[in-house]
file target05.csv (CSV, C-alpha atoms and all ligand atoms)
chain,number,residue,atom,x,y,z
A,6,MET,CA,-54.2,14.0,-183.7
A,7,LYS,CA,-51.6,12.9,-186.3
A,8,THR,CA,-49.7,9.6,-185.7
A,9,ILE,CA,-46.2,10.1,-184.2
A,10,TYR,CA,-43.5,7.5,-184.7
A,11,ASN,CA,-40.7,7.9,-182.2
A,12,PHE,CA,-37.3,6.6,-183.6
A,13,SER,CA,-35.4,7.5,-180.4
A,14,ALA,CA,-32.4,5.2,-179.5
A,15,GLY,CA,-33.4,5.1,-175.9
A,16,PRO,CA,-35.5,5.8,-173.9
A,17,SER,CA,-37.6,4.7,-176.8
A,18,THR,CA,-41.0,3.9,-178.0
A,19,LEU,CA,-43.0,1.4,-175.9
A,20,PRO,CA,-46.1,-0.6,-176.8
A,21,LYS,CA,-49.1,1.6,-176.4
A,22,GLN,CA,-51.0,-1.1,-174.6
A,23,ALA,CA,-48.2,-1.4,-172.0
A,24,THR,CA,-48.0,2.3,-171.3
A,25,GLU,CA,-51.8,2.5,-171.0
A,26,GLU,CA,-51.9,-0.4,-168.5
A,27,ALA,CA,-49.0,1.2,-166.5
A,28,SER,CA,-50.8,4.5,-166.5
A,29,ALA,CA,-53.9,2.9,-165.0
A,30,ALA,CA,-51.8,1.3,-162.3
A,31,ILE,CA,-50.5,4.7,-161.2
A,32,ALA,CA,-53.9,5.4,-159.8
A,33,ASN,CA,-55.0,1.9,-158.8
A,34,PHE,CA,-52.7,-1.1,-158.9
A,35,ALA,CA,-54.4,-4.5,-159.4
A,36,GLY,CA,-57.7,-3.5,-157.9
A,37,THR,CA,-56.0,-2.6,-154.5
A,38,GLY,CA,-57.2,1.0,-154.6
A,39,ILE,CA,-53.6,2.1,-154.0
A,40,GLY,CA,-51.4,3.4,-156.8
A,41,ILE,CA,-48.4,1.3,-157.7
A,42,MET,CA,-45.9,4.0,-156.8
A,43,GLU,CA,-47.5,4.4,-153.3
A,44,MET,CA,-47.3,0.7,-152.4
A,45,SER,CA,-44.5,-1.0,-150.3
A,46,HIS,CA,-42.4,-3.4,-152.2
A,47,ARG,CA,-42.9,-5.8,-149.2
A,48,THR,CA,-46.5,-6.4,-150.1
A,49,LYS,CA,-48.0,-9.5,-151.7
A,50,PRO,CA,-49.3,-7.8,-154.8
A,51,ILE,CA,-45.8,-6.2,-155.6
A,52,GLU,CA,-43.9,-9.3,-154.7
A,53,GLY,CA,-46.2,-11.3,-156.9
A,54,MET,CA,-45.8,-8.9,-159.8
A,55,VAL,CA,-42.0,-9.0,-159.6
A,56,GLU,CA,-42.0,-12.7,-159.5
A,57,GLU,CA,-44.3,-12.9,-162.5
A,58,THR,CA,-42.0,-10.5,-164.4
A,59,GLU,CA,-39.1,-12.8,-163.7
A,60,ASN,CA,-41.1,-15.8,-164.8
A,61,LEU,CA,-42.2,-14.1,-168.0
A,62,LEU,CA,-38.6,-13.2,-168.8
A,63,ARG,CA,-37.5,-16.8,-168.1
A,64,GLU,CA,-40.2,-18.1,-170.4
A,65,LEU,CA,-39.6,-15.6,-173.3
A,66,LEU,CA,-35.8,-16.1,-173.3
A,67,SER,CA,-35.9,-19.8,-172.4
A,68,ILE,CA,-33.5,-19.2,-169.5
A,69,PRO,CA,-32.2,-22.6,-168.3
A,70,SER,CA,-32.1,-23.6,-164.7
A,71,GLY,CA,-28.9,-22.6,-162.9
A,72,TYR,CA,-29.5,-18.9,-163.9
A,73,GLU,CA,-30.7,-16.1,-161.7
A,74,VAL,CA,-32.7,-13.1,-162.9
A,75,LEU,CA,-32.3,-9.8,-161.2
A,76,PHE,CA,-33.9,-6.3,-161.5
A,77,LEU,CA,-31.4,-3.7,-160.4
A,78,GLY,CA,-30.9,0.0,-160.4
A,79,GLY,CA,-27.9,1.9,-161.8
A,80,GLY,CA,-28.3,1.3,-165.5
A,81,ALA,CA,-26.2,-0.8,-167.8
A,82,SER,CA,-23.3,1.6,-166.9
A,83,LEU,CA,-23.2,0.2,-163.3
A,84,GLN,CA,-22.9,-3.3,-164.8
A,85,PHE,CA,-19.7,-2.2,-166.5
A,86,ASN,CA,-18.3,-2.2,-162.9
A,87,MET,CA,-20.4,-4.9,-161.2
A,88,ALA,CA,-19.5,-7.5,-163.8
A,89,PRO,CA,-15.7,-7.3,-163.4
A,90,MET,CA,-16.0,-6.6,-159.6
A,91,ASN,CA,-17.8,-9.9,-159.2
A,92,LEU,CA,-16.1,-12.0,-161.8
A,93,LEU,CA,-12.5,-10.7,-162.4
A,94,ASP,CA,-9.8,-11.2,-159.7
A,95,SER,CA,-7.2,-8.5,-159.5
A,96,ASN,CA,-4.5,-11.0,-160.6
A,97,ALA,CA,-6.6,-12.4,-163.5
A,98,SER,CA,-7.5,-11.2,-167.0
A,99,ALA,CA,-10.6,-10.9,-169.1
A,100,ASP,CA,-11.0,-10.5,-172.9
A,101,TYR,CA,-13.0,-7.5,-174.2
A,102,THR,CA,-14.2,-6.8,-177.7
A,103,ASP,CA,-14.1,-3.1,-178.6
A,104,THR,CA,-17.0,-2.6,-181.0
A,105,GLY,CA,-18.3,0.8,-180.0
A,106,VAL,CA,-18.5,3.6,-177.4
A,107,TRP,CA,-20.4,1.5,-174.9
A,108,ALA,CA,-18.1,-1.5,-175.3
A,109,ASN,CA,-15.2,0.8,-174.8
A,110,LYS,CA,-16.6,2.2,-171.7
A,111,ALA,CA,-17.2,-1.3,-170.4
A,112,LEU,CA,-13.5,-2.2,-170.9
A,113,LYS,CA,-12.2,1.0,-169.4
A,114,GLU,CA,-14.2,0.3,-166.2
A,115,ALA,CA,-13.0,-3.3,-166.1
A,116,LYS,CA,-9.4,-2.2,-166.0
A,117,ARG,CA,-10.0,-1.0,-162.4
A,118,PHE,CA,-10.5,-4.6,-161.3
A,119,GLY,CA,-8.0,-6.8,-163.2
A,120,LYS,CA,-6.1,-7.1,-166.5
A,121,VAL,CA,-8.1,-6.4,-169.6
A,122,ASN,CA,-7.1,-7.8,-173.0
A,123,VAL,CA,-8.7,-5.9,-175.8
A,124,VAL,CA,-8.8,-8.8,-178.3
A,125,CYS,CA,-10.2,-6.8,-181.2
A,126,SER,CA,-11.3,-3.3,-182.1
A,127,SER,CA,-13.1,-1.5,-185.0
A,128,LYS,CA,-12.4,1.9,-183.5
A,129,GLU,CA,-10.1,2.9,-186.5
A,130,SER,CA,-13.1,2.7,-188.8
A,131,VAL,CA,-15.5,4.5,-186.5
A,132,TYR,CA,-16.8,1.2,-185.3
A,133,ASN,CA,-18.6,0.5,-188.7
A,134,HIS,CA,-18.2,-3.3,-188.4
A,135,ILE,CA,-17.8,-6.2,-186.0
A,136,PRO,CA,-14.3,-7.6,-186.1
A,137,LYS,CA,-14.8,-11.4,-186.1
A,138,LYS,CA,-11.3,-12.8,-186.5
A,139,PHE,CA,-9.4,-12.5,-183.2
A,140,GLU,CA,-7.4,-14.6,-180.8
A,141,GLN,CA,-8.7,-15.1,-177.3
A,142,THR,CA,-6.3,-15.2,-174.3
A,143,PRO,CA,-5.8,-18.6,-172.8
A,144,GLY,CA,-7.0,-18.5,-169.2
A,145,ALA,CA,-9.0,-15.3,-169.5
A,146,ALA,CA,-11.9,-15.3,-167.0
A,147,TYR,CA,-14.5,-14.4,-169.7
A,148,LEU,CA,-15.1,-12.8,-173.0
A,149,HIS,CA,-17.1,-9.5,-173.0
A,150,VAL,CA,-19.3,-8.6,-176.0
A,151,THR,CA,-21.8,-5.9,-176.7
A,152,SER,CA,-24.5,-7.7,-178.7
A,153,ASN,CA,-25.8,-4.6,-180.5
A,154,ASN,CA,-23.9,-1.3,-180.8
A,155,THR,CA,-26.6,1.2,-180.5
A,156,ILE,CA,-24.7,4.2,-181.9
A,157,TYR,CA,-23.1,2.5,-184.9
A,158,GLY,CA,-25.9,0.1,-185.8
A,159,THR,CA,-23.8,-3.1,-185.8
A,160,GLN,CA,-24.8,-6.4,-184.2
A,161,TRP,CA,-23.2,-9.7,-183.5
A,162,LYS,CA,-25.2,-12.1,-185.7
A,163,GLU,CA,-23.4,-15.1,-184.3
A,164,PHE,CA,-21.7,-14.8,-180.9
A,165,PRO,CA,-18.1,-15.9,-180.8
A,166,GLN,CA,-17.3,-19.3,-179.5
A,167,THR,CA,-15.2,-19.4,-176.3
A,168,ASP,CA,-13.7,-21.9,-173.9
A,169,THR,CA,-14.9,-19.8,-171.0
A,170,TYR,CA,-18.2,-17.9,-170.9
A,171,LEU,CA,-19.6,-14.8,-172.5
A,172,VAL,CA,-20.4,-11.7,-170.5
A,173,CYS,CA,-22.8,-9.6,-172.6
A,174,ASP,CA,-24.2,-6.1,-172.7
A,175,MET,CA,-27.5,-6.8,-174.4
A,176,SER,CA,-29.0,-3.4,-173.6
A,177,SER,CA,-30.1,-2.6,-177.2
A,178,ASP,CA,-31.3,-5.9,-178.6
A,179,ILE,CA,-32.5,-8.1,-175.7
A,180,LEU,CA,-35.7,-9.8,-176.6
A,181,SER,CA,-35.4,-8.9,-180.3
A,182,ARG,CA,-34.3,-12.4,-181.3
A,183,PRO,CA,-33.9,-15.8,-179.7
A,184,ILE,CA,-30.6,-16.4,-178.0
A,185,ASP,CA,-29.0,-19.4,-176.4
A,186,VAL,CA,-28.6,-18.3,-172.8
A,187,SER,CA,-26.4,-21.2,-172.0
A,188,LYS,CA,-23.5,-19.6,-173.8
A,189,PHE,CA,-23.5,-16.7,-171.4
A,190,GLY,CA,-22.3,-16.4,-167.9
A,191,LEU,CA,-23.8,-13.0,-167.5
A,192,ILE,CA,-26.2,-10.9,-169.5
A,193,TYR,CA,-27.1,-7.4,-168.5
A,194,ALA,CA,-29.4,-4.9,-170.2
A,195,GLY,CA,-30.8,-1.4,-169.3
A,196,ALA,CA,-34.5,-1.7,-169.9
A,197,GLN,CA,-35.0,1.6,-171.7
A,198,LYS,CA,-34.8,0.3,-175.3
A,199,ASN,CA,-36.6,-3.0,-175.8
A,200,MET,CA,-38.0,-3.8,-172.4
A,201,GLY,CA,-39.4,-0.8,-170.5
A,202,PRO,CA,-38.4,2.6,-169.1
A,203,ALA,CA,-35.1,3.8,-167.7
A,204,GLY,CA,-34.5,2.9,-164.0
A,205,VAL,CA,-34.3,-0.8,-164.1
A,206,THR,CA,-31.6,-3.1,-165.4
A,207,THR,CA,-32.1,-6.7,-166.0
A,208,VAL,CA,-29.3,-9.1,-165.1
A,209,ILE,CA,-29.3,-12.8,-165.9
A,210,VAL,CA,-26.4,-14.6,-164.2
A,211,ARG,CA,-25.3,-18.2,-164.0
A,212,SER,CA,-25.0,-18.8,-160.3
A,213,ASP,CA,-22.0,-21.1,-160.4
A,214,ILE,CA,-19.7,-18.3,-161.7
A,215,LEU,CA,-20.2,-16.2,-158.6
A,216,GLY,CA,-18.2,-16.4,-155.3
A,217,LYS,CA,-15.0,-17.4,-157.1
A,218,ILE,CA,-12.9,-14.3,-156.5
A,219,GLU,CA,-10.9,-13.0,-153.5
A,220,ARG,CA,-12.0,-9.4,-153.6
A,221,GLU,CA,-14.3,-8.1,-150.9
A,222,ILE,CA,-17.4,-6.8,-152.7
A,223,PRO,CA,-19.5,-4.1,-151.2
A,224,THR,CA,-22.9,-5.6,-150.2
A,225,MET,CA,-25.0,-3.6,-152.7
A,226,LEU,CA,-22.6,-4.4,-155.6
A,227,ASP,CA,-22.5,-8.2,-154.9
A,228,TYR,CA,-24.9,-10.1,-157.2
A,229,ARG,CA,-25.3,-12.7,-154.4
A,230,THR,CA,-26.9,-10.1,-152.2
A,231,HIS,CA,-29.6,-9.5,-154.8
A,232,ILE,CA,-30.0,-13.2,-155.5
A,233,SER,CA,-30.7,-14.1,-151.9
A,234,GLU,CA,-33.0,-11.1,-151.5
A,235,LYS,CA,-34.9,-11.7,-154.8
A,236,SER,CA,-34.0,-8.2,-156.0
A,237,MET,CA,-35.5,-6.8,-152.8
A,238,PHE,CA,-32.4,-6.1,-150.8
A,239,ASN,CA,-33.3,-2.5,-151.0
A,240,THR,CA,-36.3,-0.7,-152.5
A,241,PRO,CA,-36.4,-1.8,-156.2
A,242,PRO,CA,-37.6,0.4,-159.0
A,243,VAL,CA,-41.1,-1.1,-158.7
A,244,PHE,CA,-42.9,1.1,-161.3
A,245,ALA,CA,-40.2,0.5,-163.9
A,246,ILE,CA,-40.4,-3.3,-163.3
A,247,TYR,CA,-44.2,-3.1,-163.7
A,248,VAL,CA,-43.8,-1.4,-167.1
A,249,VAL,CA,-41.4,-4.3,-168.0
A,250,ASN,CA,-44.1,-6.7,-166.8
A,251,ARG,CA,-46.6,-5.2,-169.2
A,252,VAL,CA,-44.1,-5.1,-172.1
A,253,LEU,CA,-43.4,-8.8,-171.5
A,254,HIS,CA,-47.1,-9.7,-171.5
A,255,TRP,CA,-47.5,-7.8,-174.8
A,256,LEU,CA,-44.5,-9.6,-176.3
A,257,LYS,CA,-45.8,-13.0,-175.1
A,258,ASN,CA,-49.3,-12.3,-176.7
A,259,LEU,CA,-47.6,-11.4,-180.0
A,260,GLY,CA,-46.1,-14.9,-180.1
A,261,GLY,CA,-42.8,-14.3,-178.2
A,262,VAL,CA,-39.3,-13.6,-179.3
A,263,ALA,CA,-39.3,-15.8,-182.4
A,264,ALA,CA,-42.4,-14.0,-183.7
A,265,ILE,CA,-41.0,-10.5,-183.0
A,266,GLU,CA,-37.7,-11.5,-184.6
A,267,LYS,CA,-39.6,-12.0,-187.9
A,268,THR,CA,-41.1,-8.6,-187.7
A,269,ASN,CA,-37.8,-7.0,-186.8
A,270,ILE,CA,-36.1,-8.6,-189.8
A,271,GLU,CA,-39.0,-7.4,-192.0
A,272,LYS,CA,-38.7,-3.8,-190.7
A,273,ALA,CA,-34.9,-3.7,-191.0
A,274,ASN,CA,-35.0,-5.2,-194.6
A,275,LEU,CA,-37.6,-2.5,-195.6
A,276,LEU,CA,-35.4,0.3,-194.4
A,277,TYR,CA,-32.0,-1.1,-195.6
A,278,GLU,CA,-33.5,-1.8,-199.0
A,279,ALA,CA,-34.7,1.8,-199.2
A,280,LEU,CA,-31.2,3.1,-198.2
A,281,ASP,CA,-29.4,0.8,-200.7
A,282,ASN,CA,-31.7,1.9,-203.5
A,283,SER,CA,-31.2,5.6,-202.7
A,284,LYS,CA,-28.8,8.0,-204.3
A,285,LEU,CA,-29.2,10.6,-201.6
A,286,PHE,CA,-28.8,8.5,-198.4
A,287,LYS,CA,-26.5,5.6,-197.4
A,288,GLY,CA,-26.2,3.3,-194.4
A,289,THR,CA,-23.0,3.5,-192.5
A,290,ALA,CA,-22.6,0.0,-191.1
A,291,ALA,CA,-21.0,-2.9,-192.9
A,292,LYS,CA,-23.7,-4.9,-194.6
A,293,GLU,CA,-23.1,-8.2,-192.9
A,294,ASP,CA,-23.2,-6.7,-189.5
A,295,ARG,CA,-26.2,-4.4,-189.9
A,296,SER,CA,-28.3,-4.1,-186.8
A,297,THR,CA,-32.0,-4.9,-186.9
A,298,MET,CA,-32.5,-2.4,-184.1
A,299,ASN,CA,-30.6,0.8,-184.9
A,300,VAL,CA,-30.1,2.1,-188.5
A,301,PRO,CA,-27.7,5.0,-188.8
A,302,PHE,CA,-27.5,6.7,-192.2
A,303,VAL,CA,-26.0,9.8,-193.7
A,304,LEU,CA,-26.3,11.9,-196.8
A,305,SER,CA,-24.3,10.5,-199.8
A,306,SER,CA,-21.6,12.4,-201.8
A,307,VAL,CA,-24.3,13.8,-204.2
A,308,VAL,CA,-24.7,16.5,-201.5
A,309,PRO,CA,-21.7,18.8,-201.5
A,310,GLU,CA,-20.0,18.8,-198.1
A,311,ALA,CA,-20.7,22.5,-197.6
A,312,GLN,CA,-24.4,21.9,-198.0
A,313,LYS,CA,-24.8,18.8,-195.8
A,314,GLU,CA,-25.6,20.6,-192.5
A,315,ALA,CA,-28.4,22.6,-194.1
A,316,VAL,CA,-29.9,19.6,-195.9
A,317,GLU,CA,-29.8,17.6,-192.6
A,318,LYS,CA,-31.6,20.3,-190.9
A,319,ASP,CA,-34.3,20.4,-193.6
A,320,PHE,CA,-34.6,16.7,-193.5
A,321,LEU,CA,-35.2,16.6,-189.7
A,322,LYS,CA,-37.6,19.5,-189.9
A,323,ALA,CA,-39.6,17.9,-192.7
A,324,ALA,CA,-39.6,14.6,-190.8
A,325,VAL,CA,-41.1,16.1,-187.7
A,326,GLU,CA,-43.8,17.6,-189.8
A,327,LYS,CA,-44.7,14.1,-191.0
A,328,GLY,CA,-44.7,12.8,-187.4
A,329,LEU,CA,-41.3,11.1,-187.7
A,330,GLU,CA,-39.5,12.1,-184.5
A,331,GLN,CA,-36.0,11.7,-183.1
A,332,LEU,CA,-34.1,10.8,-186.3
A,333,LYS,CA,-31.0,12.9,-185.6
A,334,GLY,CA,-27.9,10.7,-185.6
A,335,HIS,CA,-25.5,10.4,-182.8
A,336,ARG,CA,-22.7,13.0,-182.9
A,337,SER,CA,-20.0,10.4,-183.4
A,338,VAL,CA,-21.6,9.2,-186.7
A,339,GLY,CA,-23.5,12.3,-187.7
A,340,GLY,CA,-26.4,12.2,-190.1
A,341,PHE,CA,-29.5,10.3,-189.0
A,342,ARG,CA,-30.4,7.2,-187.0
A,343,ALA,CA,-33.7,5.3,-187.0
A,344,SER,CA,-34.1,3.1,-184.0
A,345,ILE,CA,-36.7,0.4,-184.8
A,346,TYR,CA,-36.9,-1.6,-181.6
A,347,ASN,CA,-39.6,-4.2,-180.9
A,348,ALA,CA,-42.3,-1.7,-180.2
A,349,MET,CA,-41.9,0.2,-183.5
A,350,PRO,CA,-44.7,-1.0,-185.7
A,351,VAL,CA,-44.1,-2.0,-189.4
A,352,GLU,CA,-46.3,1.0,-190.3
A,353,GLY,CA,-43.7,3.4,-188.7
A,354,VAL,CA,-40.9,2.0,-190.9
A,355,GLU,CA,-43.2,2.2,-193.9
A,356,ALA,CA,-43.9,5.8,-193.1
A,357,LEU,CA,-40.2,6.5,-192.8
A,358,VAL,CA,-39.4,4.8,-196.2
A,359,THR,CA,-42.2,6.8,-197.9
A,360,PHE,CA,-40.7,10.0,-196.4
A,361,LEU,CA,-37.1,9.1,-197.5
A,362,ASN,CA,-38.4,8.6,-201.1
A,363,GLU,CA,-40.4,11.8,-201.1
A,364,PHE,CA,-37.5,13.8,-199.7
A,365,GLU,CA,-35.2,12.4,-202.3
A,366,LYS,CA,-37.5,13.1,-205.2
A,367,LYS,CA,-37.9,16.8,-204.1
A,368,PHE,CA,-34.1,17.2,-203.6
B,401,LIG,C1,-25.3,-0.9,-175.7
B,401,LIG,C2,-25.5,0.1,-174.5
B,401,LIG,N1,-24.9,-0.2,-173.3
B,401,LIG,C3,-25.0,0.6,-172.3
B,401,LIG,C4,-25.7,1.8,-172.3
B,401,LIG,C5,-25.8,2.7,-171.1
B,401,LIG,O1,-26.9,2.4,-170.5
B,401,LIG,P1,-27.4,3.1,-169.1
B,401,LIG,O2,-27.7,4.5,-169.5
B,401,LIG,O3,-28.6,2.3,-168.7
B,401,LIG,O4,-26.3,3.1,-168.2
B,401,LIG,C6,-26.3,2.1,-173.5
B,401,LIG,C7,-27.1,3.3,-173.6
B,401,LIG,O5,-27.6,3.8,-174.6
B,401,LIG,C8,-26.2,1.2,-174.6
B,401,LIG,O6,-26.8,1.5,-175.8
call {"tool": "encode", "arguments": {"input": "target05.csv", "output": "structure tokens", "more": "lines below"}}
Ligand SMILES: Cc1ncc(COP(=O)(O)O)c(C=O)c1O
result
Amino acid sequence: MKTIYNFSAGPSTLPKQATEEASAAIANFAGTGIGIMEMSHRTKPIEGMVEETENLLRELLSIPSGYEVLFLGGGASLQFNMAPMNLLDSNASADYTDTGVWANKALKEAKRFGKVNVVCSSKESVYNHIPKKFEQTPGAAYLHVTSNNTIYGTQWKEFPQTDTYLVCDMSSDILSRPIDVSKFGLIYAGAQKNMGPAGVTTVIVRSDILGKIEREIPTMLDYRTHISEKSMFNTPPVFAIYVVNRVLHWLKNLGGVAAIEKTNIEKANLLYEALDNSKLFKGTAAKEDRSTMNVPFVLSSVVPEAQKEAVEKDFLKAAVEKGLEQLKGHRSVGGFRASIYNAMPVEGVEALVTFLNEFEKKF
């Protein structure tokens, strides 16, 4: 069978070892003779596995004391609501950075709960850069950032300084590089890019920021409920958490987040260099903000506008023949996008670069 490299933006490629281990657990979890999806979450093996997953995440991200780790359902999109519902009083305001479609969705949802100050936006330039010069609002409850903009391939290289705390959607680059968790009040991330499958969302929250607002919060949407019940207030997505567990073991064995960051930089450099040296393709994100996770690129002006659609089709078809899958760009940027998350091996990026060069030569 030919090797397939899956460049999907999410759900995306997972370490083979992790998916194999998870497959085995579907039939028989941890030698119990019962499949993991058939086992109550209120059993010792499952409770132990969830606790281990939390501890691995704490270790890999060097999460300081005073922070709680939760595994919730509802995706990152639910966090667009839960974050302001728990942290923003109706008579208070929060600062939001508008750096992409997901950031924009987050700020739109937050408006339901309090005043939102959009402190900067790169919308006018199709979100091709991260605006770094902006004023924060005195007294704002928090500053919301999207650490990596999956669709536009931009990434905060340095997080902004703030007098309050950061609330961060880290869905598409969590565990790709070391971060200083102490700068954040809240981090949330859907697992389906760098951590595991869809169905579980990781939340890391500093406990002292909770319980400060007047709003009555529905039980299921109150972080304190899930903290006191150790993510087991209701039935958690056990299988999805188990896949995260296996991915975290894989990452730890590779040397952890600092080690994977080196590989991520190596992969990203390889691909950006190929794009910069190409006459046929060009990257769309501002150079200084280029993401190490998502690399959008389009056909350059050497291809007449009228021919672009046909050339794109040819490119994608030829890519699939080479085992390079899911390279179609998001509709708001067009062209192509290669997502090269933690689990994408260097060989996958090398195969893509070889293909880009071959395609250009034939063109
Ligand atoms: C940065 C970012 N935030 C949020 C989301 C939405 O996540 P979910 O589908 O888990 O709600 C995505 C999905 O691609 C994303 O890339």
call {"tool": "residues_near_ligand", "arguments": {"input": "target05.csv", "ligand": "ligand LIG 401 (chain B)", "cutoff": "9 Å", "atoms": "only C-alpha atoms and all ligand atoms", "output": "ChimeraX atom specification"}}
result
/A:14-16,78-85,105-108,110-111,151-156,174-178,193-198,203-206
call {"tool": "residues_around", "arguments": {"input": "target05.csv", "residues": "Asn60 of chain A", "least_positions_apart": "2", "cutoff": "12 Å", "atoms": "only C-alpha atoms", "output": "number ranges by chain"}}
result
A: 53-58, 62-70, 73-75, 249-250, 253-254, 257
call {"tool": "atom_distance", "arguments": {"input": "target05.csv", "atom1": "atom CA of Pro242 of chain A", "atom2": "atom CA of Ile192 of chain A"}}
result
19.2 Å
call {"tool": "closest_atom_pairs", "arguments": {"input": "target05.csv", "of": "segment 229-307 of chain A", "to": "segment 20-41 of chain A", "cutoff": "12 Å", "atoms": "only C-alpha atoms", "output": "CSV"}}
result
residue,atom,partner,partner_atom,distance
A:Pro242,CA,A:Ile41,CA,10.9
A:Val243,CA,A:Ile41,CA,7.7
A:Phe244,CA,A:Ile41,CA,6.6
A:Ala245,CA,A:Ala27,CA,9.2
A:Ile246,CA,A:Ala27,CA,10.2
A:Tyr247,CA,A:Ala27,CA,7.0
A:Val248,CA,A:Ala27,CA,5.8
A:Val249,CA,A:Ala23,CA,8.4
A:Asn250,CA,A:Ala23,CA,8.5
A:Arg251,CA,A:Ala23,CA,5.0
A:Val252,CA,A:Ala23,CA,5.5
A:Leu253,CA,A:Ala23,CA,8.8
A:His254,CA,A:Ala23,CA,8.4
A:Trp255,CA,A:Ala23,CA,7.0
A:Leu256,CA,A:Pro20,CA,9.2
A:Asn258,CA,A:Gln22,CA,11.5
A:Leu259,CA,A:Pro20,CA,11.4
call {"tool": "residues_around", "arguments": {"input": "target05.csv", "residues": "Leu191 of chain A", "least_positions_apart": "2", "cutoff": "9 Å", "atoms": "all atoms listed in the file", "output": "list in words"}}
result
Tyr72, Ala88, Tyr170, Leu171, Val172, Cys173, Asp174, Val186, Phe189, Tyr193, Val208, Ile209, Val210, Arg211 and Ile214 of chain A
call {"tool": "closest_residue", "arguments": {"input": "target05.csv", "among": "A:Lys284, A:Lys113, A:Lys267, A:Lys7", "to": "Pro183 of chain A", "atoms": "all atoms listed in the file"}}
result
A:Lys267
call {"tool": "atom_distance", "arguments": {"input": "target05.csv", "atom1": "atom CA of Leu112 of chain A", "atom2": "atom CA of Val124 of chain A"}}
result
11.0 Å
call {"tool": "closest_atom_pairs", "arguments": {"input": "target05.csv", "of": "segment 81-178 of chain A", "to": "segment 287-294 of chain A", "cutoff": "6 Å", "atoms": "only C-alpha atoms", "output": "JSON lines"}}
result
{"residue": "A:Asn133", "atom": "CA", "partner": "A:Ala290", "partner_atom": "CA", "distance": 4.7}
{"residue": "A:His134", "atom": "CA", "partner": "A:Ala291", "partner_atom": "CA", "distance": 5.3}
{"residue": "A:Thr159", "atom": "CA", "partner": "A:Asp294", "partner_atom": "CA", "distance": 5.2}
{"residue": "A:Gln160", "atom": "CA", "partner": "A:Asp294", "partner_atom": "CA", "distance": 5.5}
call {"tool": "atom_distance", "arguments": {"input": "target05.csv", "atom1": "atom CA of Leu332 of chain A", "atom2": "atom CA of Val351 of chain A"}}
result
16.5 Å
call {"tool": "closest_residue", "arguments": {"input": "target05.csv", "among": "A:Arg336, A:Ser306, A:Leu285, A:Ser236", "to": "Glu52 of chain A", "atoms": "all atoms listed in the file"}}
result
A:Ser236
call {"tool": "decode", "arguments": {"input": "target05.csv", "residues": "segment 145-157 of chain A", "atoms": "N, CA and C atoms", "output": "PDB file, in the first residue's frame"}}
result
ATOM      1  N   ALA A 145     -10.552  46.165  31.478  1.00  0.00           N
ATOM      2  CA  ALA A 145     -11.149  45.009  30.774  1.00  0.00           C
ATOM      3  C   ALA A 145     -10.889  43.741  31.592  1.00  0.00           C
ATOM      4  N   ALA A 146     -11.882  42.828  31.577  1.00  0.00           N
ATOM      5  CA  ALA A 146     -11.769  41.616  32.405  1.00  0.00           C
ATOM      6  C   ALA A 146     -10.618  40.727  31.935  1.00  0.00           C
ATOM      7  N   TYR A 147     -10.473  40.606  30.623  1.00  0.00           N
ATOM      8  CA  TYR A 147      -9.396  39.756  30.065  1.00  0.00           C
ATOM      9  C   TYR A 147      -9.136  40.142  28.622  1.00  0.00           C
ATOM     10  N   LEU A 148      -8.062  39.597  28.076  1.00  0.00           N
ATOM     11  CA  LEU A 148      -7.736  39.810  26.662  1.00  0.00           C
ATOM     12  C   LEU A 148      -7.792  38.444  25.961  1.00  0.00           C
ATOM     13  N   HIS A 149      -8.657  38.355  24.948  1.00  0.00           N
ATOM     14  CA  HIS A 149      -8.819  37.072  24.254  1.00  0.00           C
ATOM     15  C   HIS A 149      -7.953  37.035  22.998  1.00  0.00           C
ATOM     16  N   VAL A 150      -7.207  35.951  22.855  1.00  0.00           N
ATOM     17  CA  VAL A 150      -6.407  35.750  21.637  1.00  0.00           C
ATOM     18  C   VAL A 150      -6.638  34.338  21.083  1.00  0.00           C
ATOM     19  N   THR A 151      -6.443  34.206  19.787  1.00  0.00           N
ATOM     20  CA  THR A 151      -6.484  32.890  19.134  1.00  0.00           C
ATOM     21  C   THR A 151      -5.038  32.611  18.754  1.00  0.00           C
ATOM     22  N   SER A 152      -4.404  31.669  19.433  1.00  0.00           N
ATOM     23  CA  SER A 152      -2.939  31.573  19.298  1.00  0.00           C
ATOM     24  C   SER A 152      -2.502  31.230  17.877  1.00  0.00           C
ATOM     25  N   ASN A 153      -3.318  30.450  17.178  1.00  0.00           N
ATOM     26  CA  ASN A 153      -2.985  30.066  15.803  1.00  0.00           C
ATOM     27  C   ASN A 153      -4.259  30.108  14.970  1.00  0.00           C
ATOM     28  N   ASN A 154      -4.197  30.839  13.867  1.00  0.00           N
ATOM     29  CA  ASN A 154      -5.395  31.003  13.043  1.00  0.00           C
ATOM     30  C   ASN A 154      -5.357  29.965  11.919  1.00  0.00           C
ATOM     31  N   THR A 155      -6.087  28.906  12.160  1.00  0.00           N
ATOM     32  CA  THR A 155      -6.047  27.686  11.355  1.00  0.00           C
ATOM     33  C   THR A 155      -6.285  27.941   9.864  1.00  0.00           C
ATOM     34  N   ILE A 156      -7.213  28.844   9.572  1.00  0.00           N
ATOM     35  CA  ILE A 156      -7.608  29.069   8.180  1.00  0.00           C
ATOM     36  C   ILE A 156      -6.574  29.925   7.447  1.00  0.00           C
ATOM     37  N   TYR A 157      -6.004  30.908   8.164  1.00  0.00           N
ATOM     38  CA  TYR A 157      -5.143  31.905   7.500  1.00  0.00           C
ATOM     39  C   TYR A 157      -3.662  31.619   7.686  1.00  0.00           C
TER      40      TYR A 157
END
